[in-house]
Structure formats: C-alpha cells, structure tokens
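Structure file input03.txt; described as compact mmCIF, C-alpha atoms.
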```
# COMPACT_ATOMS: atom_id res chain seq x y z
CA MET S 1 -4.77 25.45 3.59
CA VAL S 2 -2.24 23.07 2.11
CA LYS S 3 1.05 23.24 3.98
CA GLU S 4 4.30 22.94 2.08
CA THR S 5 6.45 19.96 2.96
CA HIS S 6 9.84 21.10 4.19
CA ILE S 7 12.75 18.88 3.22
CA LYS S 8 16.08 19.21 4.95
CA PHE S 9 18.74 19.84 2.33
CA TYR S 10 22.34 18.72 2.64
CA PRO S 11 24.58 20.38 -0.01
CA TYR S 12 26.85 17.33 -0.29
CA MET S 13 23.87 15.31 -1.57
CA LEU S 14 23.34 17.55 -4.62
CA PRO S 15 25.81 15.71 -6.93
CA PHE S 16 24.16 12.38 -6.08
CA LYS S 17 20.71 13.85 -6.77
CA LEU S 18 21.89 15.20 -10.14
CA LEU S 19 23.46 11.87 -11.07
CA TYR S 20 20.38 9.90 -10.02
CA GLY S 21 18.12 12.34 -11.88
CA ALA S 22 20.20 12.00 -15.06
CA VAL S 23 20.01 8.20 -14.96
CA ILE S 24 16.23 8.24 -14.46
CA TRP S 25 15.74 10.85 -17.19
CA ILE S 26 17.76 8.86 -19.74
CA ARG S 27 15.98 5.61 -18.83
CA ASN S 28 12.52 7.14 -19.23
CA LEU S 29 13.54 8.82 -22.46
CA LEU S 30 14.64 5.48 -23.92
CA PHE S 31 11.24 4.00 -23.10
CA ASP S 32 9.39 7.06 -24.42
CA TRP S 33 11.34 6.83 -27.69
CA ARG S 34 10.67 3.05 -27.82
CA LEU S 35 14.36 2.27 -27.87
CA MET S 36 13.55 0.15 -24.83
CA ARG S 37 10.34 -1.81 -25.25
CA SER S 38 7.42 -2.30 -22.89
CA GLN S 39 5.40 -5.53 -22.84
CA GLN S 40 1.66 -5.06 -23.33
CA TYR S 41 -1.21 -7.42 -22.50
CA THR S 42 -4.68 -8.19 -23.76
CA ILE S 43 -6.24 -8.29 -20.28
CA PRO S 44 -6.59 -5.31 -17.90
CA VAL S 45 -3.38 -4.74 -15.95
CA ILE S 46 -4.12 -2.01 -13.40
CA CYS S 47 -1.02 -0.51 -11.82
CA ILE S 48 -1.16 1.05 -8.35
CA GLY S 49 2.04 2.98 -7.72
CA ASN S 50 3.68 6.16 -6.54
CA LEU S 51 6.64 8.40 -7.24
CA ALA S 52 8.01 8.33 -3.69
CA VAL S 53 9.50 5.63 -1.52
CA GLY S 54 7.68 4.91 1.71
CA GLY S 55 4.05 4.46 2.58
CA THR S 56 1.51 6.39 0.54
CA GLY S 57 -1.39 3.97 0.97
CA LYS S 58 -1.07 1.57 -1.96
CA THR S 59 -2.12 -1.60 -0.11
CA PRO S 60 -5.47 -0.18 1.14
CA LEU S 61 -6.31 0.79 -2.45
CA VAL S 62 -5.34 -2.68 -3.73
CA ASP S 63 -7.63 -4.06 -1.00
CA TYR S 64 -10.45 -1.78 -2.21
CA LEU S 65 -10.03 -2.92 -5.82
CA VAL S 66 -9.94 -6.60 -4.80
CA ARG S 67 -13.23 -6.19 -2.91
CA MET S 68 -14.74 -4.29 -5.81
CA LEU S 69 -13.71 -6.68 -8.59
CA SER S 70 -13.27 -10.19 -7.20
CA ASP S 71 -16.99 -11.05 -7.17
CA LYS S 72 -17.18 -10.48 -10.93
CA TYR S 73 -13.73 -11.44 -12.20
CA ARG S 74 -10.80 -13.72 -11.47
CA VAL S 75 -8.43 -11.18 -9.96
CA ALA S 76 -4.70 -11.63 -9.35
CA VAL S 77 -2.48 -9.34 -7.29
CA LEU S 78 1.19 -9.21 -8.25
CA SER S 79 3.75 -7.45 -6.05
CA ARG S 80 7.45 -7.58 -5.32
CA GLY S 81 7.05 -9.23 -1.92
CA TYR S 82 9.30 -6.74 -0.17
CA LYS S 83 11.62 -8.18 2.52
CA ARG S 84 10.54 -11.77 1.92
CA LYS S 85 13.16 -14.48 2.39
CA SER S 86 12.30 -16.29 -0.85
CA SER S 87 13.33 -15.29 -4.37
CA GLY S 88 12.00 -15.41 -7.90
CA TYR S 89 8.33 -16.02 -8.69
CA LYS S 90 6.19 -17.39 -5.90
CA LEU S 91 2.47 -18.13 -5.95
CA ALA S 92 0.86 -17.67 -2.55
CA ASN S 93 -1.34 -20.22 -0.82
CA GLU S 94 -3.21 -20.13 2.49
CA GLN S 95 -0.16 -21.49 4.32
CA SER S 96 2.18 -18.79 2.97
CA THR S 97 3.83 -16.57 5.57
CA SER S 98 5.29 -13.08 5.38
CA ARG S 99 8.75 -14.68 5.14
CA ASP S 100 7.60 -16.49 1.98
CA ILE S 101 5.81 -13.67 0.17
CA GLY S 102 6.21 -10.44 2.18
CA ASP S 103 3.79 -8.94 4.68
CA GLU S 104 1.53 -7.04 2.24
CA ALA S 105 0.98 -10.03 -0.05
CA CYS S 106 0.48 -12.24 3.01
CA GLN S 107 -2.09 -9.80 4.41
CA LEU S 108 -4.09 -9.88 1.16
CA LYS S 109 -3.96 -13.68 0.79
CA GLN S 110 -5.11 -14.24 4.36
CA LYS S 111 -7.94 -11.76 3.91
CA TYR S 112 -9.01 -12.98 0.45
CA PRO S 113 -8.05 -16.68 0.15
CA HIS S 114 -10.01 -17.03 -3.13
CA VAL S 115 -7.89 -14.34 -4.84
CA THR S 116 -4.67 -15.24 -6.66
CA VAL S 117 -1.68 -13.51 -5.04
CA ALA S 118 1.84 -13.79 -6.44
CA VAL S 119 5.18 -12.09 -5.90
CA ASP S 120 8.09 -11.53 -8.25
CA LYS S 121 10.69 -8.80 -8.37
CA LYS S 122 10.57 -9.05 -12.17
CA ARG S 123 6.95 -8.12 -12.82
CA ARG S 124 6.96 -9.10 -16.50
CA ARG S 125 8.08 -12.60 -15.57
CA GLY S 126 5.44 -12.68 -12.83
CA ILE S 127 2.67 -11.81 -15.28
CA LYS S 128 3.88 -14.50 -17.68
CA HIS S 129 3.58 -17.10 -14.90
CA LEU S 130 0.10 -15.86 -14.01
CA LEU S 131 -1.06 -16.05 -17.61
CA ASP S 132 0.36 -19.58 -17.87
CA LEU S 133 -1.95 -20.78 -15.06
CA PRO S 134 -4.73 -23.26 -16.00
CA GLU S 135 -7.66 -21.63 -17.77
CA ASP S 136 -10.07 -22.04 -14.84
CA VAL S 137 -7.82 -20.04 -12.49
CA ARG S 138 -6.02 -17.81 -15.00
CA PRO S 139 -6.65 -14.18 -13.99
CA GLN S 140 -8.94 -11.95 -15.99
CA ILE S 141 -7.58 -8.83 -14.27
CA ILE S 142 -4.13 -8.24 -12.75
CA LEU S 143 -3.55 -5.64 -10.05
CA LEU S 144 0.07 -4.58 -10.15
CA ASP S 145 1.09 -3.40 -6.67
CA ASP S 146 3.88 -0.80 -6.74
CA GLY S 147 4.64 -1.17 -10.42
CA PHE S 148 4.80 2.41 -11.69
CA GLN S 149 8.58 2.32 -12.21
CA HIS S 150 8.52 -1.08 -13.97
CA ARG S 151 8.50 0.22 -17.50
CA TYR S 152 9.43 -3.09 -19.10
CA LEU S 153 5.69 -3.71 -18.97
CA GLN S 154 2.92 -1.32 -19.89
CA PRO S 155 -0.17 -1.40 -17.69
CA SER S 156 -3.49 -0.77 -19.32
CA PHE S 157 -4.40 1.68 -16.54
CA SER S 158 -2.16 3.45 -14.01
CA ILE S 159 -3.21 4.89 -10.66
CA LEU S 160 -0.59 7.05 -8.98
CA ILE S 161 -0.89 7.80 -5.26
CA THR S 162 0.65 10.75 -3.45
CA ALA S 163 0.19 11.37 0.27
CA TYR S 164 -1.34 14.66 1.39
CA ASN S 165 1.39 15.20 3.97
CA ARG S 166 4.12 14.78 1.32
CA LEU S 167 2.74 15.78 -2.04
CA TYR S 168 5.02 14.74 -4.88
CA TYR S 169 5.38 18.27 -6.33
CA LEU S 170 6.77 19.52 -2.99
CA ASP S 171 9.25 16.65 -2.76
CA LYS S 172 12.69 16.18 -4.32
CA LEU S 173 14.55 13.35 -6.00
CA LEU S 174 16.52 10.81 -3.99
CA PRO S 175 18.71 11.12 -2.01
CA VAL S 176 17.70 14.70 -1.14
CA GLY S 177 13.99 13.83 -1.00
CA LEU S 178 11.97 10.66 -1.43
CA LEU S 179 11.09 10.77 -5.14
CA ARG S 180 12.10 7.81 -7.29
CA GLU S 181 11.24 9.78 -10.43
CA THR S 182 10.78 13.42 -11.34
CA ALA S 183 7.40 15.06 -10.89
CA LYS S 184 6.92 15.11 -14.69
CA SER S 185 6.49 11.34 -14.64
CA ILE S 186 2.94 11.88 -13.41
CA SER S 187 2.04 12.32 -17.11
CA ARG S 188 2.04 8.49 -17.40
CA ALA S 189 -0.78 8.15 -14.84
CA ASP S 190 -4.44 7.83 -15.84
CA MET S 191 -5.56 8.72 -12.34
CA VAL S 192 -4.03 10.50 -9.33
CA LEU S 193 -5.13 9.78 -5.77
CA ILE S 194 -4.22 12.14 -2.94
CA SER S 195 -4.23 9.80 0.05
CA LYS S 196 -4.34 10.29 3.82
CA CYS S 197 -6.20 13.60 3.59
CA PRO S 198 -7.38 15.17 6.86
CA ALA S 199 -11.06 14.61 7.54
CA GLY S 200 -11.83 18.33 7.40
CA ILE S 201 -10.10 19.13 4.13
CA SER S 202 -12.06 21.77 2.21
CA ARG S 203 -12.96 21.78 -1.44
CA MET S 204 -10.86 24.94 -1.77
CA ASP S 205 -7.76 23.09 -0.53
CA CYS S 206 -8.50 20.33 -3.02
CA ARG S 207 -8.77 22.82 -5.87
CA LEU S 208 -5.41 24.32 -4.88
CA ILE S 209 -3.83 20.86 -5.10
CA GLU S 210 -5.53 20.16 -8.42
CA ASN S 211 -4.20 23.47 -9.77
CA GLU S 212 -0.66 22.49 -8.73
CA ILE S 213 -1.00 19.08 -10.38
CA ASN S 214 -2.52 20.65 -13.50
CA PRO S 215 -3.90 17.35 -14.81
CA ALA S 216 -4.17 16.53 -18.49
CA PRO S 217 -7.72 16.39 -19.90
CA ASN S 218 -7.73 12.57 -19.68
CA GLN S 219 -6.46 12.41 -16.07
CA HIS S 220 -8.76 12.10 -13.05
CA ILE S 221 -7.98 13.25 -9.50
CA PHE S 222 -9.51 11.82 -6.32
CA PHE S 223 -9.00 12.68 -2.66
CA THR S 224 -9.09 9.89 -0.09
CA ASN S 225 -8.59 9.32 3.60
CA VAL S 226 -8.65 6.30 5.87
CA LEU S 227 -11.60 4.87 7.77
CA TYR S 228 -10.63 2.57 10.61
CA GLN S 229 -12.77 -0.53 11.12
CA GLN S 230 -13.43 -2.61 14.25
CA LEU S 231 -10.62 -4.32 16.12
CA LYS S 232 -9.97 -7.92 15.11
CA GLY S 233 -8.02 -10.58 16.90
CA VAL S 234 -4.73 -11.55 15.29
CA PHE S 235 -5.61 -15.04 16.57
CA PRO S 236 -9.43 -14.93 16.44
CA LYS S 237 -9.91 -18.40 17.99
CA ASP S 238 -7.89 -17.38 21.04
CA CYS S 239 -8.81 -13.71 21.31
CA PHE S 240 -11.51 -12.28 23.53
CA PRO S 241 -13.99 -10.24 21.43
CA SER S 242 -13.36 -6.52 21.68
CA LYS S 243 -14.50 -3.32 20.04
CA LEU S 244 -13.03 0.14 19.89
CA GLU S 245 -15.99 1.55 21.78
CA TYR S 246 -15.26 -0.86 24.64
CA ILE S 247 -11.91 0.85 25.27
CA GLN S 248 -11.97 3.15 28.30
CA LYS S 249 -9.82 6.25 28.70
CA ASP S 250 -7.83 4.64 31.50
CA ASP S 251 -7.28 1.32 29.70
CA GLU S 252 -3.63 0.57 29.09
CA ILE S 253 -2.58 -0.23 25.52
CA LEU S 254 0.71 -1.34 24.04
CA LEU S 255 0.71 -0.12 20.44
CA ILE S 256 3.18 -1.86 18.10
CA THR S 257 3.91 -0.40 14.68
CA GLY S 258 6.23 -1.47 11.88
CA ILE S 259 4.82 0.69 9.10
CA ALA S 260 6.18 3.61 7.08
CA ASN S 261 4.05 6.38 8.55
CA PRO S 262 2.58 5.34 11.91
CA ALA S 263 1.49 8.84 13.04
CA PRO S 264 -2.18 8.67 11.87
CA PHE S 265 -2.53 5.15 13.30
CA VAL S 266 -1.10 6.25 16.66
CA GLU S 267 -3.33 9.33 16.74
CA GLU S 268 -6.40 7.16 16.11
CA ILE S 269 -5.68 4.84 19.04
CA LYS S 270 -4.90 7.76 21.34
CA THR S 271 -8.42 9.10 20.82
CA TYR S 272 -9.71 6.08 22.77
CA SER S 273 -7.23 5.83 25.63
CA ASP S 274 -4.95 8.19 27.54
CA LYS S 275 -2.56 5.38 28.42
CA VAL S 276 -0.99 4.28 25.14
CA SER S 277 2.63 3.11 25.08
CA VAL S 278 3.97 3.20 21.51
CA MET S 279 6.80 1.01 20.25
CA SER S 280 7.60 1.97 16.64
CA TYR S 281 9.88 0.11 14.27
CA GLY S 282 10.83 0.63 10.62
CA ASP S 283 8.56 -0.26 7.72
CA HIS S 284 8.32 -4.05 7.12
CA HIS S 285 10.28 -4.66 10.34
CA GLU S 286 10.93 -8.31 11.10
CA PHE S 287 10.27 -8.64 14.82
CA ARG S 288 13.06 -10.47 16.62
CA LYS S 289 13.46 -12.07 20.02
CA LYS S 290 15.04 -8.94 21.50
CA ASP S 291 12.10 -6.84 20.25
CA PHE S 292 9.62 -9.02 22.12
CA ALA S 293 11.82 -8.84 25.23
CA ARG S 294 11.58 -5.04 25.10
CA MET S 295 7.82 -5.21 24.58
CA GLN S 296 7.42 -7.61 27.49
CA SER S 297 9.42 -5.24 29.67
CA THR S 298 7.03 -2.41 28.73
CA LEU S 299 4.00 -4.61 29.46
CA LEU S 300 5.33 -5.50 32.90
CA LYS S 301 5.47 -1.82 33.80
CA MET S 302 1.77 -1.43 33.08
CA THR S 303 -0.40 -1.67 36.17
CA GLY S 304 -3.62 -2.85 34.51
CA LYS S 305 -4.89 -6.41 34.86
CA ARG S 306 -4.38 -7.30 31.19
CA PRO S 307 -3.19 -4.52 28.85
CA MET S 308 -4.45 -4.65 25.31
CA ILE S 309 -1.86 -5.06 22.54
CA ILE S 310 -2.77 -3.46 19.21
CA CYS S 311 -0.92 -3.46 15.88
CA SER S 312 -1.67 -2.55 12.28
CA GLU S 313 -3.09 -5.07 9.81
CA LYS S 314 0.25 -5.26 8.02
CA ASP S 315 2.06 -5.92 11.31
CA ALA S 316 -0.45 -8.68 12.09
CA ALA S 317 0.61 -10.54 8.93
CA ARG S 318 4.17 -10.71 10.29
CA LEU S 319 3.30 -11.36 13.93
CA ARG S 320 0.90 -14.21 13.18
CA HIS S 321 3.72 -16.58 12.14
CA ASN S 322 6.52 -15.16 14.27
CA PRO S 323 8.22 -17.93 16.29
CA TYR S 324 9.18 -15.53 19.10
CA LEU S 325 5.67 -14.24 19.77
CA PRO S 326 4.78 -14.98 23.43
CA GLU S 327 2.02 -17.58 23.64
CA ASP S 328 0.07 -15.63 26.26
CA TRP S 329 -0.27 -12.65 23.89
CA LYS S 330 -2.70 -14.51 21.65
CA SER S 331 -5.72 -13.81 23.86
CA HIS S 332 -5.29 -10.01 23.80
CA LEU S 333 -3.43 -9.17 20.57
CA TYR S 334 -5.55 -7.18 18.09
CA TYR S 335 -5.08 -5.41 14.79
CA LEU S 336 -6.97 -2.41 13.46
CA PRO S 337 -8.08 -2.78 9.82
CA MET S 338 -8.46 0.27 7.62
CA GLN S 339 -10.30 1.05 4.42
CA VAL S 340 -9.93 3.69 1.75
CA HIS S 341 -12.66 6.31 1.85
CA PHE S 342 -13.29 8.52 -1.19
CA MET S 343 -14.01 12.05 -0.07
CA PHE S 344 -16.98 14.09 -1.28
CA ASN S 345 -18.92 10.86 -2.07
CA ARG S 346 -16.90 10.12 -5.21
CA ASN S 347 -16.41 6.39 -4.72
CA GLU S 348 -19.09 5.60 -7.31
CA GLN S 349 -17.32 7.80 -9.86
CA PHE S 350 -14.05 5.98 -9.16
CA ASP S 351 -15.73 2.58 -9.50
CA ASN S 352 -17.37 3.59 -12.77
CA LEU S 353 -14.08 4.72 -14.28
CA ILE S 354 -12.43 1.41 -13.40
CA MET S 355 -15.35 -0.62 -14.74
CA LYS S 356 -15.48 1.47 -17.92
CA HIS S 357 -11.81 0.74 -18.55
CA ILE S 358 -12.32 -3.00 -18.00
CA THR S 359 -15.34 -3.03 -20.30
CA LEU S 360 -13.41 -1.24 -23.05
CA MET S 361 -10.55 -3.73 -22.70
CA GLU S 362 -12.97 -6.64 -22.94
CA SER S 363 -14.60 -5.21 -26.06
CA GLY S 364 -11.24 -4.58 -27.71
CA LYS S 365 -11.83 -0.83 -27.98
CA ILE S 366 -8.58 -0.27 -26.09
CA LEU S 367 -6.01 -1.92 -28.31
CA MET S 368 -3.22 -3.65 -26.40
CA VAL S 369 -0.85 -6.09 -28.04
CA ASN S 370 0.30 -9.31 -26.42
CA GLY S 371 3.95 -9.89 -27.03
```
Show this structure as structure tokens.
Amino acid sequence: MVKETHIKFYPYMLPFKLLYGAVIWIRNLLFDWRLMRSQQYTIPVICIGNLAVGGTGKTPLVDYLVRMLSDKYRVAVLSRGYKRKSSGYKLANEQSTSRDIGDEACQLKQKYPHVTVAVDKKRRRGIKHLLDLPEDVRPQIILLDDGFQHRYLQPSFSILITAYNRLYYLDKLLPVGLLRETAKSISRADMVLISKCPAGISRMDCRLIENEINPAPNQHIFFTNVLYQQLKGVFPKDCFPSKLEYIQKDDEILLITGIANPAPFVEEIKTYSDKVSVMSYGDHHEFRKKDFARMQSTLLKMTGKRPMIICSEKDAARLRHNPYLPEDWKSHLYYLPMQVHFMFNRNEQFDNLIMKHITLMESGKILMVNG
C-alpha cells in the first residue's frame, strides 16, 4: 500500500508559502496566456524534470536516454551545472572537472565522451550555443536536464519524475514542502515517471497512484526503480578489480555519500557487509581537506587490512579531481553505478514512445517553430 508522506508543518511558514505560490501561479498564467513567450525549436528537445527540489532520479534517466539514442543521433545534454565554479555557457570536454561543469554533467561526459555535454543557467542561451555548433557536431536531439521550470523555452516532449517516497501530490509548496510548483503543473508533462519504487510494488499500488495522478488521455505513466551494477574503480588504472559478490559479511567498508537521498544506496551496500561505516554529506557536497581528515580518522579505527571505500557515481565525479584526496586511496576507492529499470517489462513501450516522438518531429508532423 502507498504510504502518505508526512510533512512537518510550521505555522509561521504559511505566509511565505502563500506568497511563493502566488508568484508561481502568476508566472505560469502569463506563460499560459502567451503574455510571456516560450522559444520553440525544430529539433526534439526532451525535458527531464520534476516539481520538487532534491533528488528524484533525473540523472539516471538522462543516462538511459543517452545510451538509447546516441548510437543513432548526435545527442547533446544541457544542464545548469549545479555548484560549478564557472559561469555562463560552458561546453564540456574530456578534461572538464566537476568544478568546471558540475558533478552530474562531469559524470555524463566522463562516461560518454562522444556525447556533447554543456551547461548554462540560462537554458535558452545554452540551446542557441549548441545549435550554433558546426554542422558535423550540431546536435540532432537535446536532452534538457532539470528544465521543467524553464518556461522561456518550450520542450517538444516533457518527462516529469516524482519519487515514490515523496509523491508530488502528497507534498507541499516551498518552504513548507519541497515543491517548486503546484501539483497542477503536471498538466504540462507528456509523461510521468514514478522513480525509486520498491522492488515488490504491486500492480494494485501502481493503480492507486495512477488514480491519484488522474492523467490526461495523452499522458503516459511509468514506474521505475534502480538496478545497481558492478563496482568500478574511481581510478581504474590504480584500483584492484573487485565485484559486489566478492564482498564478505565481515569486510569493512567506508561508505561516502554526497547525494540528495542516500538511504537506498546505503541499504544496498549493507546487504553485502555488516561492517559499513557511513559518512553522509549534503547533495553536491564539495569535499574539503577537513572532510578527508575525518574520513581518514574513521578508516584508522577499522581493524581490517585494507577497508574498501565506496561512493556513488556522482560522488566519484567530484572525488576524481579533488586535490585533497589521499593518494593511497586510489587503489581501493570504488563507485557503484546504477541504471533505471522500468517495472513490469515496460522499457520497450517507453523506448517506442520516445522514438515515435522523434520520428514525428523529423517528419514535421509535430509543428514547432524556430524563433
């Protein structure tokens, strides 16, 4: 059964929530009435976004779409580059670090060097730069990471993600809850993904959620969870090969997390070992010298010969270029990749819907205007 998300309410926040809600409502109304204009494009611009702040699983879905599309099309990923130290538009290359482009963009560029990755807080400007690239590298498809609230541009297809443990219709507007927009904004989405579902979720539970969402006839709903892959070395040339099944129950592990919702990741690692020391930091945390000193102190208290150090794939993007990372960590520092898994064997249906949209855009049957 779906459990309701309980949100702690502070009465003094109510005026701020009402003020924030009024501003968002007026802004969306101006766009809906075309008093504020949205830029449209002649190529597919697929937006992956959410209504809430915090991690709902956008990056794994972007990863899935890159793998699905990049063999057939020139794909570009455009994101904000959250917490990067640079500004403006920046096109990633293989030497880019998380400080240059943000950890999520860095993660994707390192994983898919042949894919164009760019960051820009102003997404419309970012798309203009991408479309100004030379013809042989100009993208044929743009994946817009976390762009649902950027209404100055109109994506050709919008995928909205909401996490199972914090469904948008049980949440509240900032600052009382985590919603950036009201629940009614879901009407702009072509597809809704319920992410991070428990493995044993029943079809009845899914129907209950679908009934609450009450999708429009043209909207599609999918349920997904996460499949963890094999461990990989953050520094593969230095790291000893290892696999999850090699981990013994009495092996000592230092687990480092700097992600929005580390609980599922921590639970996964704890299924392999009974001796897991967890050091959690905020989402997109920039690890500093004092953080490594604390981690080293924890490692020294472990009695094993060489404890394994494990982090998430997003953390690995930041740790790989961190100047304070101890040199002797490189031989036993691993990350655990994850992939989106469509429940009830519906991945083919998802793929077909995406490909159908792209085909219609290419044939001109979906009319979008450039300019």
When distances are computed from only C-alpha atoms, which of S:Tyr228, S:Tyr82, S:Phe223, S:Tyr324 shows the smallest separation from His285 in chain S?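 Nearest candidate to His285 in chain S out of S:Tyr228, S:Tyr82, S:Phe223, S:Tyr324: S:Tyr82.
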Between S:Arg138, S:Cys47, S:Lys289, S:Tyr334, which is the closest to Lys243 in chain S once you count all atoms listed in the file?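 Of S:Arg138, S:Cys47, S:Lys289, S:Tyr334, the one nearest Lys243 in chain S is S:Tyr334, counting all atoms listed in the file.
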For Ile354 in chain S, the closest of S:His220, S:His332, S:Lys314, S:His129 counting all atoms listed in the file is S:His220
Write out as an MDAnalysis selection string which residues come within 12 Å of Leu179 in chain S when counting only C-alpha atoms, dropping same-chain ones fewer than 3 positions away. chainID S and resid 7 17 20:21 24 50:54 56 149 162 166:176 182:186
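Nearest to Leu69 in chain S of all the residues S:Gln95, S:Leu14, S:Gln140, S:Arg306 is S:Gln140, counting all atoms listed in the file.
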Name the closest residue to Ser70 in chain S among the candidates S:Ile194, S:Leu143, S:Val45, S:Ile253; distances are taken between atoms, counting only C-alpha atoms.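 So, comparing all the options, the nearest one is S:Leu143.
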Shortest contact to Leu65 in chain S, candidates S:Leu325, S:Leu299, S:Ile142, S:Gln39, atoms counted all atoms listed in the file, goes to S:Ile142
Quick check, in Å to one decimal: how far apart do CA of Val278 in chain S and CA of Ser297 in chain S lie?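 A separation of 12.9 Å between them.
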Give me, please, the distance in Å between CA of Lys128 in chain S and CA of Tyr112 in chain S, quoted to one decimal. 22.3 Å
Find the distance between CA of Asp315 in chain S and CA of Gly258 in chain S and write it in Å to one decimal.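 We find that CA of Asp315 in chain S and CA of Gly258 in chain S lie 6.1 Å from each other.
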Would you kindly identify which residues have an atom no farther than 10 Å from (-5.4, -3.9, 0.2), using only C-alpha atoms and the file's own coordinates, and write them out as a ChimeraX atom specification? /S:57-67,77,104-105,107-109,111-112,145,313-314,338-340
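Non-sequential neighbours of Phe292 in chain S (distance at most 12 Å, separation of 6 or more positions within a chain, all atoms listed in the file) are Leu254, Ile256, Met279, Glu286, Thr298, Leu299, Leu319, Asn322, Pro323, Tyr324, Leu325, Pro326, Glu327 and Trp329 of chain S.
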Serialized selection, C-alpha atoms, as a short mmCIF file (atom, residue, chain, number, x, y, z; two decimals), in the frame of the given file:
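Result written to result21.cif:
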```cif
data_model
loop_
_atom_site.label_atom_id
_atom_site.label_comp_id
_atom_site.auth_asym_id
_atom_site.auth_seq_id
_atom_site.Cartn_x
_atom_site.Cartn_y
_atom_site.Cartn_z
CA LEU S 254 0.71 -1.34 24.04
CA ILE S 256 3.18 -1.86 18.10
CA MET S 279 6.80 1.01 20.25
CA GLU S 286 10.93 -8.31 11.10
CA THR S 298 7.03 -2.41 28.73
CA LEU S 299 4.00 -4.61 29.46
CA LEU S 319 3.30 -11.36 13.93
CA ASN S 322 6.52 -15.16 14.27
CA PRO S 323 8.22 -17.93 16.29
CA TYR S 324 9.18 -15.53 19.10
CA LEU S 325 5.67 -14.24 19.77
CA PRO S 326 4.78 -14.98 23.43
CA GLU S 327 2.02 -17.58 23.64
CA TRP S 329 -0.27 -12.65 23.89
#
```
Shell of 12 Å around Ile269 in chain S, all atoms listed in the file, local chain residues under 3 positions omitted, as number ranges by chain: S: 228-231, 244-245, 247-249, 251-257, 262-266, 272-278, 308-312, 335-336
For C-alpha atoms, I'd like the residues from the last selection saved as a CSV table (one decimal), in the coordinates of the input.
```
chain,number,residue,atom,x,y,z
S,228,TYR,CA,-10.6,2.6,10.6
S,229,GLN,CA,-12.8,-0.5,11.1
S,230,GLN,CA,-13.4,-2.6,14.2
S,231,LEU,CA,-10.6,-4.3,16.1
S,244,LEU,CA,-13.0,0.1,19.9
S,245,GLU,CA,-16.0,1.6,21.8
S,247,ILE,CA,-11.9,0.8,25.3
S,248,GLN,CA,-12.0,3.2,28.3
S,249,LYS,CA,-9.8,6.2,28.7
S,251,ASP,CA,-7.3,1.3,29.7
S,252,GLU,CA,-3.6,0.6,29.1
S,253,ILE,CA,-2.6,-0.2,25.5
S,254,LEU,CA,0.7,-1.3,24.0
S,255,LEU,CA,0.7,-0.1,20.4
S,256,ILE,CA,3.2,-1.9,18.1
S,257,THR,CA,3.9,-0.4,14.7
S,262,PRO,CA,2.6,5.3,11.9
S,263,ALA,CA,1.5,8.8,13.0
S,264,PRO,CA,-2.2,8.7,11.9
S,265,PHE,CA,-2.5,5.2,13.3
S,266,VAL,CA,-1.1,6.2,16.7
S,272,TYR,CA,-9.7,6.1,22.8
S,273,SER,CA,-7.2,5.8,25.6
S,274,ASP,CA,-5.0,8.2,27.5
S,275,LYS,CA,-2.6,5.4,28.4
S,276,VAL,CA,-1.0,4.3,25.1
S,277,SER,CA,2.6,3.1,25.1
S,278,VAL,CA,4.0,3.2,21.5
S,308,MET,CA,-4.4,-4.6,25.3
S,309,ILE,CA,-1.9,-5.1,22.5
S,310,ILE,CA,-2.8,-3.5,19.2
S,311,CYS,CA,-0.9,-3.5,15.9
S,312,SER,CA,-1.7,-2.6,12.3
S,335,TYR,CA,-5.1,-5.4,14.8
S,336,LEU,CA,-7.0,-2.4,13.5
```
List the neighbours of Tyr89 in chain S out to 10 Å using all atoms listed in the file; skip same-chain residues closer than 4 positions along the sequence, and give me the result as a ChimeraX atom specification. /S:78,80-81,101,118-123,125-127,129-130
